[in-house]
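Visitor: Take this structure, written in structure tokens, and hold onto it; I'll ask about it next.
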Amino acid sequence: MSIHLTEGRIAAALAAATQPEGETPWRLLLTRPPATQAAVRQAIYRAEHPEDLFGFGVSRPTLQAEASRARIVQELARRDGYLAALSAAEQMLSTSPVLPTHVDVRLAPWDDGPYLVISFHKDPAAVHAFAAHFDTEVAELPHLETDIRIETNGTTESGIRFEAYTLVDAPAVAE
């Protein structure tokens with residue numbers, strides 16, 4: 001979970017949000033808003049599978065209210081992930097000896113966090129310089145039948161994972 005995802009921030013986001021109709025009002029819920037990935041997933045799952053709670057006395061409007069709060073927390077965490085990755089990209093680009101052709105931030109909902117994909121257009125030397133600067137290893141891997149992928153992977157000081165790569169033509173095979 002994000003370091004920025006505090007109880008106060010969650011409360012502010014809920015106060016600014018419009019609750020869907022038909023749910024138990026958030027202020028009447030006996031549970032606290034979820035603040036972890038597991039708690040968010042659990043709240044959403046419970047609303048989608050109320051039959052699993054047979055005999056626990058939790059009403060459908062309450063389950064829906066807990067899930068709608070969880071979705072708001074999930075979006076806060078995703079936003080924090082994007083911002084952390086963008087900040088890491090800014091730090092990396094400000095010190096990198098070579099500039100990439102493309103920088104992409106990827107973040108699946110509640111995956112292993114955000115990561116950066118940094119590409120160089122047909123420039124193995126740039127990948128090697130980038131790897132040397134960030135103290136990572138370079139690997140050369142076959143890619144499809146006609147290319148070689150030259151890549152390096154690592155993690156920034158702030159914990160954001162990254163991969164930098166280029167594709168180059170594979171050497172022609174003599175017949």
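Labels for the structure tokens follow display order: chains A, B, ..., residues from 1 in each chain, ligands from 1.
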Residues at most 9 Å from A:Ala170, counting only C-alpha atoms, excluding those fewer than 2 positions away in the same chain, as a ChimeraX atom specification?
Guide: /A:142-143,145-148,168,172-173
Visitor: Write the residues you've just listed into a file as a short mmCIF file (atom, residue, chain, number, x, y, z; two decimals), in the first residue's frame, and include C-alpha atoms for each of them.
Guide:
data_model
loop_
_atom_site.label_atom_id
_atom_site.label_comp_id
_atom_site.auth_asym_id
_atom_site.auth_seq_id
_atom_site.Cartn_x
_atom_site.Cartn_y
_atom_site.Cartn_z
CA PRO A 142 16.11 -13.87 -28.81
CA HIS A 143 12.94 -11.99 -29.69
CA GLU A 145 12.62 -15.01 -35.15
CA THR A 146 14.19 -11.87 -36.51
CA ASP A 147 15.24 -9.76 -33.53
CA ILE A 148 17.40 -9.76 -30.44
CA VAL A 168 18.02 -5.08 -32.95
CA ALA A 172 21.47 -13.35 -40.77
CA VAL A 173 21.89 -17.10 -40.72
#
Visitor: Can you list, as an NGL selection string, every protein, DNA or RNA residue that comes within 12 Å of stretch 72-80 of chain A when you count only C-alpha atoms, leaving out same-chain residues fewer than 5 positions away?
Guide: :A and (1-20 or 32-44 or 65-67 or 85-87 or 105-115 or 160)
Visitor: Tell me which of A:Pro100, A:Ser94, A:Ser68, A:Phe134 sits closest to A:Glu23, counting only C-alpha atoms.
Guide: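 Ranked by minimum distance to A:Glu23, first place goes to A:Ser68.
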Visitor: For A:Val127, work out the shell of residues within 8 Å, counting only C-alpha atoms and skipping chain neighbours fewer than 4 positions away, then give it as number ranges by chain.
Guide: A: 120, 123, 131, 138, 150-152, 164-166
Visitor: Find, counting only C-alpha atoms, the residue in A:Gly154, A:Pro50, A:Pro61, A:Gly159 that gets nearest to A:Gly22.
Guide: A:Pro61
Visitor: Please return, as a PyMOL selection string, all residues of stretch 75-138 of chain A that DSSP assigns to strand (DSSP E or B) on the basis of the backbone.
Guide: chain A and resi 102-106+115-119+138
Visitor: For C-alpha atoms, I'd like the residues from the last selection saved as a PDB file, in the first residue's frame.
Guide:
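part30.pdb was written with the following content:
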ATOM      1  CA  HIS A 102      10.058   6.085 -25.055  1.00  0.00           C
ATOM      2  CA  VAL A 103       9.160   5.843 -21.353  1.00  0.00           C
ATOM      3  CA  ASP A 104       6.049   3.966 -20.322  1.00  0.00           C
ATOM      4  CA  VAL A 105       4.472   3.647 -16.866  1.00  0.00           C
ATOM      5  CA  ARG A 106       2.613   0.384 -16.349  1.00  0.00           C
ATOM      6  CA  TYR A 115       7.015  -0.285 -13.188  1.00  0.00           C
ATOM      7  CA  LEU A 116       8.762   1.671 -15.883  1.00  0.00           C
ATOM      8  CA  VAL A 117       9.463   0.404 -19.375  1.00  0.00           C
ATOM      9  CA  ILE A 118      12.213   2.422 -21.033  1.00  0.00           C
ATOM     10  CA  SER A 119      13.015   1.777 -24.669  1.00  0.00           C
ATOM     11  CA  VAL A 138      22.546  -6.517 -19.504  1.00  0.00           C
TER      12      VAL A 138
END
Visitor: Distance atom CA of A:Arg149-atom CA of A:Lys122, one decimal place?
Guide: 9.5 Å
Visitor: Could you check the closest approach to A:Asn153 for each of A:Ala139, A:Ala129, A:Ala89, A:Ala84 and tell me which residue wins, using only C-alpha atoms?
Guide: A:Ala139
Visitor: Can you measure atom CA of A:Phe56 to atom CA of A:Thr31 for me? One decimal in Å is fine.
Guide: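 Those two atoms sit 14.5 Å apart.
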Visitor: Between A:Asp135, A:Tyr82, A:Pro171, A:Thr24, which residue has the minimum interatomic distance to A:Arg60, considering only C-alpha atoms?
Guide: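 Using only C-alpha atoms, A:Arg60 sits closest to A:Thr24.
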Visitor: Figure out the distance between atom CA of A:Pro97 and atom CA of A:Ala126, please, to one decimal in Å.
Guide: 8.4 Å
